[in-house]
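Asker: Provided below: start_34.tsv, containing TSV, N, CA and C atoms.
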chain	number	residue	atom	x	y	z
A	62	MET	N	53.96	134.13	67.43
A	62	MET	CA	55.38	133.93	67.52
A	62	MET	C	55.77	133.97	69.01
A	63	PRO	N	56.50	132.99	69.47
A	63	PRO	CA	56.90	132.97	70.88
A	63	PRO	C	57.85	134.12	71.20
A	64	PRO	N	57.73	134.69	72.40
A	64	PRO	CA	58.62	135.79	72.80
A	64	PRO	C	60.10	135.40	72.78
A	65	ALA	N	60.39	134.13	73.01
A	65	ALA	CA	61.79	133.70	73.01
A	65	ALA	C	62.44	133.87	71.64
A	66	TYR	N	61.63	133.80	70.57
A	66	TYR	CA	62.17	133.98	69.22
A	66	TYR	C	62.41	135.45	68.91
A	67	VAL	N	61.71	136.33	69.59
A	67	VAL	CA	61.85	137.77	69.34
A	67	VAL	C	62.96	138.37	70.20
A	68	LYS	N	63.21	137.79	71.35
A	68	LYS	CA	64.19	138.31	72.31
A	68	LYS	C	65.55	138.64	71.71
A	69	PRO	N	66.12	137.82	70.84
A	69	PRO	CA	67.44	138.16	70.29
A	69	PRO	C	67.45	139.43	69.44
A	70	TYR	N	66.29	139.86	68.97
A	70	TYR	CA	66.23	141.04	68.10
A	70	TYR	C	65.98	142.34	68.87
A	71	VAL	N	65.81	142.29	70.17
A	71	VAL	CA	65.64	143.50	70.98
A	71	VAL	C	67.00	144.13	71.16
A	72	LYS	N	67.13	145.40	70.70
A	72	LYS	CA	68.44	146.06	70.69
A	72	LYS	C	68.72	146.85	71.96
A	73	ARG	N	67.69	147.33	72.61
A	73	ARG	CA	67.89	148.15	73.80
A	73	ARG	C	66.83	147.81	74.84
A	74	GLN	N	66.60	148.70	75.79
A	74	GLN	CA	65.71	148.40	76.91
A	74	GLN	C	64.31	147.99	76.47
A	75	LYS	N	63.61	147.41	77.41
A	75	LYS	CA	62.29	146.88	77.10
A	75	LYS	C	61.24	147.98	77.19
A	76	ASN	N	60.70	148.32	76.06
A	76	ASN	CA	59.54	149.21	76.00
A	76	ASN	C	58.75	148.85	74.74
A	77	ASP	N	57.60	149.45	74.55
A	77	ASP	CA	56.73	149.05	73.44
A	77	ASP	C	57.37	149.30	72.08
A	78	ALA	N	58.05	150.41	71.93
A	78	ALA	CA	58.66	150.74	70.65
A	78	ALA	C	59.77	149.74	70.30
A	79	ALA	N	60.62	149.42	71.28
A	79	ALA	CA	61.70	148.47	71.05
A	79	ALA	C	61.14	147.07	70.77
A	80	ASP	N	60.08	146.71	71.50
A	80	ASP	CA	59.45	145.40	71.26
A	80	ASP	C	58.84	145.32	69.86
A	81	ALA	N	58.17	146.38	69.45
A	81	ALA	CA	57.55	146.40	68.11
A	81	ALA	C	58.62	146.30	67.03
A	82	GLU	N	59.71	147.01	67.22
A	82	GLU	CA	60.81	146.95	66.24
A	82	GLU	C	61.40	145.53	66.17
A	83	ALA	N	61.57	144.90	67.33
A	83	ALA	CA	62.12	143.55	67.36
A	83	ALA	C	61.17	142.55	66.70
A	84	ILE	N	59.86	142.72	66.91
A	84	ILE	CA	58.88	141.83	66.29
A	84	ILE	C	58.93	141.98	64.78
A	85	CYS	N	58.98	143.23	64.30
A	85	CYS	CA	59.06	143.46	62.85
A	85	CYS	C	60.32	142.84	62.27
A	86	GLU	N	61.42	142.97	62.97
A	86	GLU	CA	62.69	142.39	62.50
A	86	GLU	C	62.59	140.87	62.47
A	87	ALA	N	62.02	140.27	63.51
A	87	ALA	CA	61.94	138.81	63.58
A	87	ALA	C	60.99	138.25	62.52
A	88	VAL	N	59.91	138.94	62.24
A	88	VAL	CA	58.93	138.45	61.26
A	88	VAL	C	59.52	138.43	59.85
A	89	THR	N	60.41	139.35	59.57
A	89	THR	CA	60.97	139.42	58.22
A	89	THR	C	62.01	138.34	57.95
A	90	ARG	N	62.44	137.64	58.97
A	90	ARG	CA	63.43	136.58	58.79
A	90	ARG	C	62.80	135.39	58.08
A	91	VAL	N	63.54	134.77	57.17
A	91	VAL	CA	63.02	133.67	56.36
A	91	VAL	C	62.87	132.39	57.18
A	92	ASN	N	63.80	132.13	58.05
A	92	ASN	CA	63.79	130.85	58.78
A	92	ASN	C	63.02	130.92	60.11
A	93	MET	N	62.20	131.93	60.30
A	93	MET	CA	61.46	132.08	61.56
A	93	MET	C	60.30	131.09	61.61
A	94	ARG	N	60.14	130.42	62.75
A	94	ARG	CA	59.02	129.49	62.94
A	94	ARG	C	57.91	130.20	63.70
A	95	PHE	N	56.68	129.85	63.39
A	95	PHE	CA	55.53	130.49	64.03
A	95	PHE	C	54.71	129.45	64.78
A	96	VAL	N	54.02	129.88	65.81
A	96	VAL	CA	53.15	129.01	66.60
A	96	VAL	C	51.79	128.96	65.93
A	97	ALA	N	51.24	127.77	65.82
A	97	ALA	CA	49.92	127.62	65.21
A	97	ALA	C	48.85	128.21	66.12
A	98	THR	N	47.83	128.80	65.53
A	98	THR	CA	46.72	129.36	66.28
A	98	THR	C	45.84	128.23	66.79
A	99	LYS	N	45.38	128.37	68.03
A	99	LYS	CA	44.52	127.34	68.61
A	99	LYS	C	43.13	127.40	68.00
A	100	THR	N	42.55	126.24	67.80
A	100	THR	CA	41.18	126.17	67.30
A	100	THR	C	40.22	126.49	68.44
A	101	PRO	N	38.98	126.87	68.13
A	101	PRO	CA	38.01	127.12	69.20
A	101	PRO	C	37.79	125.90	70.11
A	102	GLU	N	37.89	124.69	69.55
A	102	GLU	CA	37.74	123.49	70.37
A	102	GLU	C	38.89	123.36	71.36
A	103	GLN	N	40.11	123.66	70.91
A	103	GLN	CA	41.27	123.61	71.81
A	103	GLN	C	41.15	124.67	72.90
A	104	GLN	N	40.72	125.85	72.54
A	104	GLN	CA	40.57	126.92	73.52
A	104	GLN	C	39.49	126.58	74.54
A	105	SER	N	38.39	126.00	74.08
A	105	SER	CA	37.32	125.64	75.02
A	105	SER	C	37.77	124.53	75.95
A	106	CYS	N	38.55	123.59	75.45
A	106	CYS	CA	39.08	122.51	76.29
A	106	CYS	C	40.03	123.07	77.35
A	107	LEU	N	40.89	124.00	76.96
A	107	LEU	CA	41.80	124.63	77.92
A	107	LEU	C	41.03	125.43	78.95
A	108	THR	N	39.97	126.11	78.53
A	108	THR	CA	39.14	126.86	79.46
A	108	THR	C	38.49	125.93	80.47
A	109	LEU	N	38.03	124.80	80.01
A	109	LEU	CA	37.43	123.80	80.89
A	109	LEU	C	38.43	123.32	81.92
A	110	HIS	N	39.65	123.03	81.50
A	110	HIS	CA	40.68	122.57	82.43
A	110	HIS	C	41.04	123.66	83.44
A	111	ARG	N	41.15	124.91	82.99
A	111	ARG	CA	41.47	126.00	83.91
A	111	ARG	C	40.35	126.20	84.93
A	112	THR	N	39.11	126.08	84.49
A	112	THR	CA	37.98	126.24	85.40
A	112	THR	C	37.96	125.13	86.44
A	113	ARG	N	38.22	123.90	86.00
A	113	ARG	CA	38.28	122.77	86.93
A	113	ARG	C	39.40	122.98	87.94
A	114	HIS	N	40.55	123.44	87.47
A	114	HIS	CA	41.68	123.70	88.36
A	114	HIS	C	41.33	124.78	89.38
A	115	LEU	N	40.61	125.81	88.94
A	115	LEU	CA	40.18	126.88	89.84
A	115	LEU	C	39.26	126.33	90.93
A	116	PHE	N	38.28	125.51	90.56
A	116	PHE	CA	37.37	124.95	91.54
A	116	PHE	C	38.09	124.05	92.54
A	117	ILE	N	39.06	123.30	92.07
A	117	ILE	CA	39.81	122.43	92.97
A	117	ILE	C	40.63	123.26	93.95
A	118	ARG	N	41.24	124.36	93.48
A	118	ARG	CA	41.98	125.25	94.38
A	118	ARG	C	41.06	125.88	95.41
A	119	GLN	N	39.87	126.31	94.97
A	119	GLN	CA	38.91	126.90	95.90
A	119	GLN	C	38.46	125.88	96.94
A	120	GLN	N	38.22	124.64	96.51
A	120	GLN	CA	37.80	123.60	97.43
A	120	GLN	C	38.89	123.33	98.45
A	121	THR	N	40.13	123.28	98.00
A	121	THR	CA	41.25	123.05	98.92
A	121	THR	C	41.34	124.18	99.93
A	122	ALA	N	41.15	125.41	99.48
A	122	ALA	CA	41.20	126.56	100.39
A	122	ALA	C	40.09	126.48	101.44
A	123	VAL	N	38.89	126.12	101.01
A	123	VAL	CA	37.77	125.99	101.95
A	123	VAL	C	38.03	124.88	102.95
A	124	ILE	N	38.53	123.76	102.49
A	124	ILE	CA	38.84	122.64	103.39
A	124	ILE	C	39.87	123.07	104.43
A	125	ASN	N	40.90	123.78	104.01
A	125	ASN	CA	41.94	124.23	104.95
A	125	ASN	C	41.38	125.22	105.97
A	126	VAL	N	40.50	126.09	105.52
A	126	VAL	CA	39.89	127.06	106.44
A	126	VAL	C	39.02	126.34	107.46
A	127	ILE	N	38.22	125.38	107.01
A	127	ILE	CA	37.36	124.63	107.92
A	127	ILE	C	38.20	123.89	108.96
A	128	ARG	N	39.25	123.23	108.50
A	128	ARG	CA	40.12	122.50	109.44
A	128	ARG	C	40.75	123.45	110.44
A	129	ALA	N	41.21	124.62	109.98
A	129	ALA	CA	41.87	125.57	110.88
A	129	ALA	C	40.89	126.11	111.92
A	130	HIS	N	39.69	126.49	111.48
A	130	HIS	CA	38.73	127.06	112.42
A	130	HIS	C	38.23	126.02	113.43
A	131	LEU	N	38.00	124.81	112.98
A	131	LEU	CA	37.51	123.79	113.91
A	131	LEU	C	38.62	123.29	114.83
A	132	THR	N	39.87	123.42	114.41
A	132	THR	CA	40.98	123.08	115.29
A	132	THR	C	41.01	124.02	116.49
A	133	GLU	N	40.59	125.26	116.28
A	133	GLU	CA	40.52	126.21	117.39
A	133	GLU	C	39.49	125.78	118.43
A	134	PHE	N	38.49	125.00	118.03
A	134	PHE	CA	37.49	124.48	118.96
A	134	PHE	C	37.88	123.12	119.51
A	135	GLY	N	39.06	122.62	119.12
A	135	GLY	CA	39.52	121.34	119.61
A	135	GLY	C	39.06	120.15	118.78
A	136	ILE	N	38.47	120.40	117.62
A	136	ILE	CA	38.02	119.33	116.74
A	136	ILE	C	39.06	119.18	115.65
A	137	VAL	N	39.79	118.06	115.67
A	137	VAL	CA	40.91	117.86	114.75
A	137	VAL	C	40.62	116.65	113.87
A	138	ALA	N	41.05	116.75	112.60
A	138	ALA	CA	40.88	115.65	111.65
A	138	ALA	C	42.15	115.51	110.83
A	139	PRO	N	42.38	114.33	110.24
A	139	PRO	CA	43.55	114.14	109.39
A	139	PRO	C	43.52	115.06	108.16
A	140	VAL	N	44.67	115.27	107.59
A	140	VAL	CA	44.79	116.10	106.40
A	140	VAL	C	44.20	115.36	105.21
A	141	GLY	N	43.62	116.09	104.30
A	141	GLY	CA	43.09	115.51	103.07
A	141	GLY	C	41.58	115.49	103.03
A	142	ARG	N	41.07	115.13	101.87
A	142	ARG	CA	39.63	115.14	101.65
A	142	ARG	C	38.92	114.13	102.56
A	143	LYS	N	39.49	112.94	102.75
A	143	LYS	CA	38.88	111.93	103.59
A	143	LYS	C	38.81	112.42	105.04
A	144	GLY	N	39.86	113.09	105.49
A	144	GLY	CA	39.86	113.63	106.84
A	144	GLY	C	38.79	114.67	107.05
A	145	VAL	N	38.54	115.49	106.05
A	145	VAL	CA	37.50	116.52	106.17
A	145	VAL	C	36.12	115.88	106.16
A	146	GLU	N	35.93	114.82	105.40
A	146	GLU	CA	34.64	114.11	105.43
A	146	GLU	C	34.37	113.55	106.82
A	147	GLU	N	35.40	113.01	107.47
A	147	GLU	CA	35.26	112.54	108.85
A	147	GLU	C	34.96	113.71	109.77
A	148	LEU	N	35.63	114.82	109.56
A	148	LEU	CA	35.42	116.01	110.36
A	148	LEU	C	33.99	116.51	110.24
A	149	LEU	N	33.45	116.54	109.03
A	149	LEU	CA	32.08	116.98	108.82
A	149	LEU	C	31.09	116.04	109.49
A	150	ASN	N	31.38	114.75	109.47
A	150	ASN	CA	30.51	113.79	110.16
A	150	ASN	C	30.50	114.04	111.66
A	151	VAL	N	31.66	114.35	112.24
A	151	VAL	CA	31.75	114.62	113.67
A	151	VAL	C	31.00	115.90	114.01
A	152	VAL	N	31.17	116.93	113.21
A	152	VAL	CA	30.56	118.23	113.49
A	152	VAL	C	29.04	118.16	113.36
A	153	THR	N	28.54	117.45	112.37
A	153	THR	CA	27.09	117.42	112.14
A	153	THR	C	26.37	116.39	113.01
A	154	ASP	N	27.12	115.57	113.75
A	154	ASP	CA	26.50	114.58	114.63
A	154	ASP	C	26.05	115.28	115.91
A	155	GLU	N	24.74	115.37	116.11
A	155	GLU	CA	24.18	116.10	117.26
A	155	GLU	C	24.48	115.41	118.57
A	156	ALA	N	24.61	114.09	118.58
A	156	ALA	CA	24.80	113.36	119.83
A	156	ALA	C	26.17	113.63	120.44
A	157	THR	N	27.20	113.78	119.62
A	157	THR	CA	28.56	113.95	120.14
A	157	THR	C	28.99	115.40	120.22
A	158	ASN	N	28.23	116.30	119.66
A	158	ASN	CA	28.69	117.68	119.60
A	158	ASN	C	27.59	118.60	120.11
A	159	GLY	N	27.89	119.36	121.14
A	159	GLY	CA	26.90	120.25	121.72
A	159	GLY	C	26.68	121.54	120.97
A	160	CYS	N	27.64	121.98	120.18
A	160	CYS	CA	27.51	123.26	119.48
A	160	CYS	C	27.30	123.06	117.98
A	161	ARG	N	26.46	122.10	117.63
A	161	ARG	CA	26.21	121.76	116.23
A	161	ARG	C	25.63	122.93	115.46
A	162	SER	N	24.76	123.70	116.09
A	162	SER	CA	24.08	124.76	115.35
A	162	SER	C	25.08	125.79	114.81
A	163	LEU	N	26.06	126.16	115.62
A	163	LEU	CA	27.06	127.13	115.17
A	163	LEU	C	27.90	126.55	114.05
A	164	HIS	N	28.45	125.35	114.24
A	164	HIS	CA	29.30	124.74	113.21
A	164	HIS	C	28.51	124.43	111.95
A	165	GLY	N	27.31	123.89	112.13
A	165	GLY	CA	26.48	123.55	110.97
A	165	GLY	C	26.16	124.77	110.14
A	166	CYS	N	25.85	125.86	110.81
A	166	CYS	CA	25.55	127.11	110.09
A	166	CYS	C	26.77	127.60	109.32
A	167	VAL	N	27.92	127.55	109.97
A	167	VAL	CA	29.15	128.01	109.32
A	167	VAL	C	29.47	127.13	108.11
A	168	LEU	N	29.34	125.82	108.28
A	168	LEU	CA	29.65	124.91	107.18
A	168	LEU	C	28.69	125.10	106.01
A	169	GLN	N	27.43	125.34	106.30
A	169	GLN	CA	26.48	125.59	105.22
A	169	GLN	C	26.80	126.88	104.50
A	170	ARG	N	27.21	127.90	105.24
A	170	ARG	CA	27.58	129.17	104.61
A	170	ARG	C	28.79	129.01	103.70
A	171	TRP	N	29.76	128.24	104.15
A	171	TRP	CA	30.94	128.03	103.32
A	171	TRP	C	30.63	127.21	102.10
A	172	GLY	N	29.60	126.38	102.19
A	172	GLY	CA	29.16	125.61	101.03
A	172	GLY	C	30.15	124.57	100.58
A	173	LEU	N	30.69	123.80	101.54
A	173	LEU	CA	31.65	122.77	101.16
A	173	LEU	C	31.02	121.74	100.24
A	174	ASN	N	29.80	121.35	100.53
A	174	ASN	CA	29.15	120.36	99.67
A	174	ASN	C	29.00	120.90	98.25
A	175	CYS	N	28.67	122.18	98.14
A	175	CYS	CA	28.54	122.80	96.82
A	175	CYS	C	29.88	122.80	96.09
A	176	ALA	N	30.96	123.15	96.80
A	176	ALA	CA	32.28	123.17	96.16
A	176	ALA	C	32.69	121.78	95.74
A	177	GLY	N	32.38	120.76	96.57
A	177	GLY	CA	32.72	119.39	96.22
A	177	GLY	C	31.95	118.91	95.01
A	178	SER	N	30.69	119.27	94.93
A	178	SER	CA	29.89	118.83	93.78
A	178	SER	C	30.34	119.53	92.51
A	179	ARG	N	30.77	120.80	92.63
A	179	ARG	CA	31.27	121.50	91.44
A	179	ARG	C	32.51	120.83	90.91
A	180	SER	N	33.46	120.49	91.78
A	180	SER	CA	34.70	119.87	91.29
A	180	SER	C	34.42	118.48	90.72
A	181	ARG	N	33.46	117.74	91.33
A	181	ARG	CA	33.11	116.43	90.77
A	181	ARG	C	32.47	116.60	89.41
A	182	PHE	N	31.64	117.66	89.24
A	182	PHE	CA	31.02	117.92	87.94
A	182	PHE	C	32.08	118.19	86.88
A	183	TRP	N	33.05	119.04	87.20
A	183	TRP	CA	34.08	119.38	86.23
A	183	TRP	C	34.99	118.18	85.97
A	184	SER	N	35.23	117.35	86.97
A	184	SER	CA	36.05	116.16	86.76
A	184	SER	C	35.35	115.19	85.81
A	185	SER	N	34.03	115.04	85.99
A	185	SER	CA	33.30	114.12	85.11
A	185	SER	C	33.16	114.70	83.70
A	186	THR	N	33.13	116.03	83.59
A	186	THR	CA	33.01	116.67	82.28
A	186	THR	C	34.29	116.51	81.49
A	187	VAL	N	35.43	116.65	82.17
A	187	VAL	CA	36.72	116.53	81.49
A	187	VAL	C	36.95	115.09	81.16
Would you mind giving the structure from this file in structure tokens?

Answerer:
Amino acid sequence: MPPAYVKPYVKRQKNDAADAEAICEAVTRVNMRFVATKTPEQQSCLTLHRTRHLFIRQQTAVINVIRAHLTEFGIVAPVGRKGVEELLNVVTDEATNGCRSLHGCVLQRWGLNCAGSRSRFWSSTV
């Protein structure tokens, strides 16, 4: 039962006893509508979507951190995934960048490629 249907039956402040009393009162009403229980397939699909959303948020956070840290070294790239791919190409190119070992090590530790492959996996799964 949605909380919005129970809310009108709460008589006083919000606590467990008042909530339980309101739920009992609402359930006894004849015209009360109930929410259908989700099937295991629906729950697993929602879990998959939430996991994909989590990976995308993590990837975005990593991309923003990489851009911020490399901006401190004077290496700037456009915003977005394409800009970060260009940025990674610049950083990993030994001919144009003298401090590749430091940046390369940091980027490997952050595991941007791993985060990107995870989000692509979840996108293809959904």

Asker: Which residue out of A:Pro63, A:Ile124, A:His130, A:Ala78 has the minimum interatomic distance to A:Lys143 when only C-alpha atoms are used?

Answerer: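 Of A:Pro63, A:Ile124, A:His130, A:Ala78, the one nearest A:Lys143 is A:Ile124, counting only C-alpha atoms.
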
Asker: Report, in Å with one decimal, the straight-line distance from atom N of A:Val151 to atom C of A:Ala138.

Answerer: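 So the answer is 10.6 Å.
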
Asker: Can you report as AutoDock Vina command-line options the centre and edge lengths in Å, to one decimal, of an axis-aligned box around the listed atoms of stretch 80-85 of chain A padded with 8 Å on each side?

Answerer:
--center_x 59.8 --center_y 144.4 --center_z 66.9 --size_x 20.6 --size_y 21.2 --size_z 25.2

Asker: Any idea what the distance is between atom CA of A:Thr89 and atom C of A:Lys72?

Answerer: 17.4 Å

Asker: Could you tell me how far atom CA of A:Glu146 sits from atom CA of A:Val126, in Å to one decimal place?

Answerer: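 Computed distance, atom CA of A:Val126 to atom CA of A:Glu146, equals 14.0 Å.
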